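The block underneath contains the structure these notes are about, expressed in structure tokens.
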Amino acid sequence: MTDQTEQTEQSRDESGDGKKLLKARPGRLELKKTVNAGQVRQSFSHGRTKSVAVEVRRKRTFTQGVSGDMQEVKKASAVAAEAALSKQVKPAAPAVQADKAYSRRPAVLRTLTEEEAAARARALQDARASDPSGPSILDQAVEGAEARRAAVREDEQVREEEERRREEERRREEEERRHREDEAAARRAAEQADRLDERTATKSALEEPAAPGEITRAVPSVPVGPLGAAAVSEDGDDRKPGRADVRRPSPRRGEPRRRSGKLTIAQALNQEERTRSLASVRRARERERRSHQTPAEALKIIRDVVVPETITVQELANRMAERGVDVTRSLMKLGVMVTLQQTIDADTAELVVAEFGHNIRRVSEADVEIGLKGEDDAEENLVPRPPVVTVMGHVDHGKTSLLDALRSTNVVGGEAGGITQHIGAYQVVSAAGNKITFIDTPGHAAFTAMRARGANVTDLVILVVAADDGIMPQTVEAIHHAKAAGVPMIVAINKIDKPDADPTRVRNELLQHEIVLEELGGDVLSVEVSATEKINLEKLEEMISLQAEILELRANPSRAAEGVVIEANLESGRGAVATMLVQRGTLKMGDIVVAGSEWGRVRALSDDKGNKVLEAGPSVPVEVMGLSNAPSAGDEFAVVESEARAREVANFRGRRMRAQKSAAQPRGSLEQIFSQIEAGEAKELPILIKADTNGSAEAIITSLEKMGTDEVKVRVLHSGVGGINESDVGLAQASNAFIVGFNVRANAQARELAQRENIDIRYYSIIYNLTDDVKDMLSGMLAPERRETFLGNAEVLEVFNIGKMGKVAGCRVSEGIVRRGSSVRLLRDSIVIHEGKLSTLKRFKDDASEVRDGMECGMSFENYQDIKNGDVIECFDVEQITRSL
């Protein structure tokens, strides 16, 4: 019996949710039938009938509980019946579970009751009274044990009180949770019942309606015979076959309609009812709220709109969360007719954003350069650095010779023509052991930009003035550069060893340019030196060191390097080589450098003497190899953290440079171009320039552009650094230009192509030779000057009409001389009415080459016959004179 009970309980547990599994017969496990079965006879046309088995079961509705499990929604009567049944039948399983739960509780040691403790206390007092000698060791032990038991008892009481309180709180929370779950389940059951009533009320029933809360399921069976068998209803009554038995009754109001169609497992288990999702409920509530909300109550969301330099209309609308058609309409009001895919500038976009009430935050493409240069260094990180000194002055005043004397080298001997055409940087150790960085600048007029760059990167300027030559134009220009840069100046009066040297004259001439030397009461240091004789060089170094101490030059070497490009060129086998001056930080091998629109990783470093170095600190000039191309002289360089950042910055700078070049090119309409050509104004000399360094190319372009006039000018098609290649020759051929190579040569392929296409390639090593040749070319393109020479006047006395010759004027020469073939003007009342040439000049009947003053002659004009008495004929010669720039 016990095994059968356990098997029954197990079958109940496995079935779950009221689906009881019972063994109806040995060896077969099936569902317990909880429905009433019967048969119904259906009649059809032509005497056909069919008997169907009908099962009627109660509808069971399930809903989701608070814990997420599915729970059955029962009626109040069913709940009461189950409660009554549960009171009558008490299974043994809960007791067993209670025993198991009790067995799992922790064991608690038994303590003495109050009666036991009181009895022991009385016994102890009696023992003490019988022994007057005082408490013994046993008594003390007993008292300690009693004290410990009392302490344990108090702890247990406190613990029991705490457990009792927690148990009450848990019971209270459980009751509240069950109450909330019951309320939620009842509410959901009521909602589902209402939805089910509405859904079933709209369906049509094929059979008689079941009792409220019940549904039917029709299972087709095999017909008994040709006429069928008697149908049995669910209450057991026999029904006759006929059409009246299958009429479709109308459902009563409030009753569920019968199910139609196929029966699925989900329908059989009453799980086809889908509840509405939470998102759907929220959307419906939002729609209802919007429908009841007036436009004035709707709060507009103010957004921060990020607008770059250019943006499409559609993208602007997306960033504002506005409709594209509204943005287009706003632009049309501003007079801008664009589509959604067209771009607008940031200013127009700002007006649109302001009109829609949003906040604009403009960004620029140049933001990629933000953070490229680091922040200012803290005072504790700064250490002294060598001064950077720029040597400036007029050409041939001895700047490079002075540096050679300080460095004990011979740089000037290697310069073409004995003049400096490149900017150079050197580091010198003075006699006192101090390091000084010198920057040598060209003194020729063409290298103004180089001198300006040298003045901007320096700490101190040495103005070299020849004692025998005095102040010259480039000296004045150097003074202006130094003043513009705001750097102190030291005047070095050179060539004092020459017999005609006059340092006093130099000091007085400097006063005209507001340079007051210390000898004349000013604050500008000066020293008389001789580069060739090496006179007072130590004094010059002392003055430089003194000025550097006054300036307190310091920098932080423990950071990423930053500085400026002094010069750059392309060398065969080495690639792009840039001379860089580190201003702060330390440049190391392997650093990623961005210089202007070029970038690269440092592959090699070398000092001014050509020695390989591993790093360069502040105020140290080095040659850097590893850049993608030669940067422009004067570009700032900085070390970045990654190649991606370097590539991004270099690409942006390249785009900006190309945009500036295209914007600088003059643009005109087609009519203006044709008018200039017809007037002879559009005369240009196209030139392609290749130089050894960027600074030289820049100086050449500046010099050639200054030569242009309103009639002729130079147009530089392309300028670059490096040798002349085939692409340069092809560009010159397409533009009918000639190529200038400054300290560079063409390769073999370029030379062959130039000879084959008759392209002129000219090589130069001195810049003023180049400028002289280009000046001669421009002079040859100038139109010759027309100069008139007055010869004489003749007065018309009589006009004769002679057959084929036409009209002939009888004249008397009143002034000068009249020559045949010369140009004449016909004056009437001192107004020029014709200008042309003499066709005939006769003296009596003979042709004459010229007629002098006071003599009479006959004259006729070419293609002109309107001659009257009293007119004056002016005779003159026209001379064409070649012009030059």
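Identifiers for the structure tokens are assigned positionally: chains receive A, B, ... in sequence, residues are indexed from 1 per chain, and ligands are indexed from 1 in the order shown.
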Which residues, written as a PyMOL selection string, have at least one atom at most 10 Å from Asp608 of chain A, with only C-alpha atoms counted and residues fewer than 5 positions away on the same chain left out? chain A and resi 424-428+579+620-623
Can you check which residues of segment 507-553 of chain A DSSP gives as strand (DSSP E or B) on the backbone and send them as JSON, numbers by chain? {"A": [517, 524, 525, 526, 527, 528, 530, 535]}
Would you mind exporting C-alpha atoms of the selected residues as a JSON list (two decimals), in the first residue's frame?
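File again_36.json, as written:
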```json
[["chain", "number", "residue", "atom", "x", "y", "z"],
["A", 517, "LEU", "CA", 75.22, 101.87, -29.63],
["A", 524, "VAL", "CA", 72.94, 98.11, -28.17],
["A", 525, "LEU", "CA", 76.22, 96.21, -27.80],
["A", 526, "SER", "CA", 78.85, 96.57, -30.52],
["A", 527, "VAL", "CA", 82.30, 95.14, -31.19],
["A", 528, "GLU", "CA", 84.90, 95.78, -33.88],
["A", 530, "SER", "CA", 88.03, 91.19, -38.35],
["A", 535, "ILE", "CA", 90.53, 90.13, -34.21]]
```
Residue nearest Arg656 of chain A among A:Ser401, A:Gln547, A:Asn536, A:Ser597 (counting only C-alpha atoms):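 Result for the nearest residue to Arg656 of chain A: A:Ser597.
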Distance in Å - atom CA of Val774 of chain A versus atom CA of Leu688 of chain A: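 Here the two named atoms are 12.3 Å from each other.
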Per DSSP on the backbone, filter segment 393-566 of chain A down to the residues in helix (DSSP H, G or I) and report them as a PyMOL selection string. chain A and resi 399-407+412-414+416-418+445-456+473-485+503-511+518-520+537-551
Would you mind telling me which residue in A:Lys775, A:Arg149, A:Arg745, A:Arg554 lies nearest to Glu705 of chain A when using only C-alpha atoms?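 That would be A:Lys775, the residue with the smallest distance to Glu705 of chain A.
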Long-range neighbours of segment 113-116 of chain A as number ranges by chain, 10 Å cut-off, only C-alpha atoms, 4 positions minimum in chain: A: 120-121, 153
For Glu518 of chain A, which residue out of A:Val491, A:Gln749, A:Tyr768, A:Val582 is the nearest one, using only C-alpha atoms?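 For Glu518 of chain A, the nearest of the candidates is A:Val491.
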If we count only C-alpha atoms, what is near Gly585 of chain A at a cut-off of 8 Å, once residues fewer than 2 positions away on the same chain are taken out, given as a PDB file with N, CA, C and O atoms, in the first residue's frame?
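Heads up, here's the output in selection_25.pdb:
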```
ATOM      1  N   ALA A 555      64.812  75.558 -21.238  1.00  0.00           N
ATOM      2  CA  ALA A 555      63.878  74.682 -21.951  1.00  0.00           C
ATOM      3  C   ALA A 555      63.798  73.362 -21.209  1.00  0.00           C
ATOM      4  O   ALA A 555      64.636  73.040 -20.361  1.00  0.00           O
ATOM      5  N   ASN A 556      62.760  72.578 -21.540  1.00  0.00           N
ATOM      6  CA  ASN A 556      62.537  71.266 -20.918  1.00  0.00           C
ATOM      7  C   ASN A 556      62.991  70.181 -21.892  1.00  0.00           C
ATOM      8  O   ASN A 556      62.348  69.958 -22.925  1.00  0.00           O
ATOM      9  N   PRO A 557      64.069  69.470 -21.584  1.00  0.00           N
ATOM     10  CA  PRO A 557      64.516  68.421 -22.514  1.00  0.00           C
ATOM     11  C   PRO A 557      63.749  67.108 -22.375  1.00  0.00           C
ATOM     12  O   PRO A 557      63.824  66.257 -23.256  1.00  0.00           O
ATOM     13  N   SER A 558      62.988  66.935 -21.298  1.00  0.00           N
ATOM     14  CA  SER A 558      62.306  65.663 -21.032  1.00  0.00           C
ATOM     15  C   SER A 558      60.873  65.701 -21.542  1.00  0.00           C
ATOM     16  O   SER A 558      59.915  65.529 -20.768  1.00  0.00           O
ATOM     17  N   ARG A 559      60.719  65.909 -22.806  1.00  0.00           N
ATOM     18  CA  ARG A 559      59.392  65.925 -23.419  1.00  0.00           C
ATOM     19  C   ARG A 559      59.549  65.672 -24.915  1.00  0.00           C
ATOM     20  O   ARG A 559      60.661  65.568 -25.433  1.00  0.00           O
ATOM     21  N   ALA A 560      58.425  65.563 -25.617  1.00  0.00           N
ATOM     22  CA  ALA A 560      58.479  65.354 -27.070  1.00  0.00           C
ATOM     23  C   ALA A 560      59.054  66.595 -27.748  1.00  0.00           C
ATOM     24  O   ALA A 560      58.787  67.726 -27.343  1.00  0.00           O
ATOM     25  N   ALA A 561      59.828  66.351 -28.778  1.00  0.00           N
ATOM     26  CA  ALA A 561      60.564  67.444 -29.417  1.00  0.00           C
ATOM     27  C   ALA A 561      59.642  68.311 -30.262  1.00  0.00           C
ATOM     28  O   ALA A 561      58.688  67.834 -30.880  1.00  0.00           O
ATOM     29  N   GLU A 562      59.931  69.606 -30.264  1.00  0.00           N
ATOM     30  CA  GLU A 562      59.276  70.577 -31.128  1.00  0.00           C
ATOM     31  C   GLU A 562      60.338  71.541 -31.625  1.00  0.00           C
ATOM     32  O   GLU A 562      61.340  71.790 -30.950  1.00  0.00           O
ATOM     33  N   VAL A 582      65.913  72.112 -32.919  1.00  0.00           N
ATOM     34  CA  VAL A 582      65.051  71.705 -31.806  1.00  0.00           C
ATOM     35  C   VAL A 582      64.937  72.873 -30.831  1.00  0.00           C
ATOM     36  O   VAL A 582      65.941  73.396 -30.360  1.00  0.00           O
ATOM     37  N   GLN A 583      63.717  73.287 -30.556  1.00  0.00           N
ATOM     38  CA  GLN A 583      63.494  74.414 -29.650  1.00  0.00           C
ATOM     39  C   GLN A 583      63.191  73.962 -28.227  1.00  0.00           C
ATOM     40  O   GLN A 583      63.592  74.614 -27.271  1.00  0.00           O
ATOM     41  N   LEU A 587      64.754  65.287 -29.562  1.00  0.00           N
ATOM     42  CA  LEU A 587      64.441  64.511 -30.767  1.00  0.00           C
ATOM     43  C   LEU A 587      65.314  63.266 -30.771  1.00  0.00           C
ATOM     44  O   LEU A 587      66.541  63.363 -30.684  1.00  0.00           O
ATOM     45  N   GLY A 617      69.012  67.674 -28.234  1.00  0.00           N
ATOM     46  CA  GLY A 617      68.272  68.409 -27.227  1.00  0.00           C
ATOM     47  C   GLY A 617      67.908  69.805 -27.684  1.00  0.00           C
ATOM     48  O   GLY A 617      68.042  70.161 -28.867  1.00  0.00           O
ATOM     49  N   PRO A 618      67.430  70.645 -26.771  1.00  0.00           N
ATOM     50  CA  PRO A 618      67.037  72.012 -27.137  1.00  0.00           C
ATOM     51  C   PRO A 618      68.216  72.815 -27.683  1.00  0.00           C
ATOM     52  O   PRO A 618      69.361  72.672 -27.246  1.00  0.00           O
TER      53      PRO A 618
END
```
Please identify all polymer residues within 10 Å of segment 804-817 of chain A, counting only C-alpha atoms, omitting same-chain residues fewer than 6 positions from it, and present them as a ChimeraX atom specification. /A:790-798,840-844,850-861,863-876
Give the answer as one residue: which of A:Val306, A:Ala190, A:Ala129, A:Met657 has the shortest atom-to-atom distance to Asn318 of chain A, using only C-alpha atoms?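 Using only C-alpha atoms, Asn318 of chain A sits closest to A:Val306.
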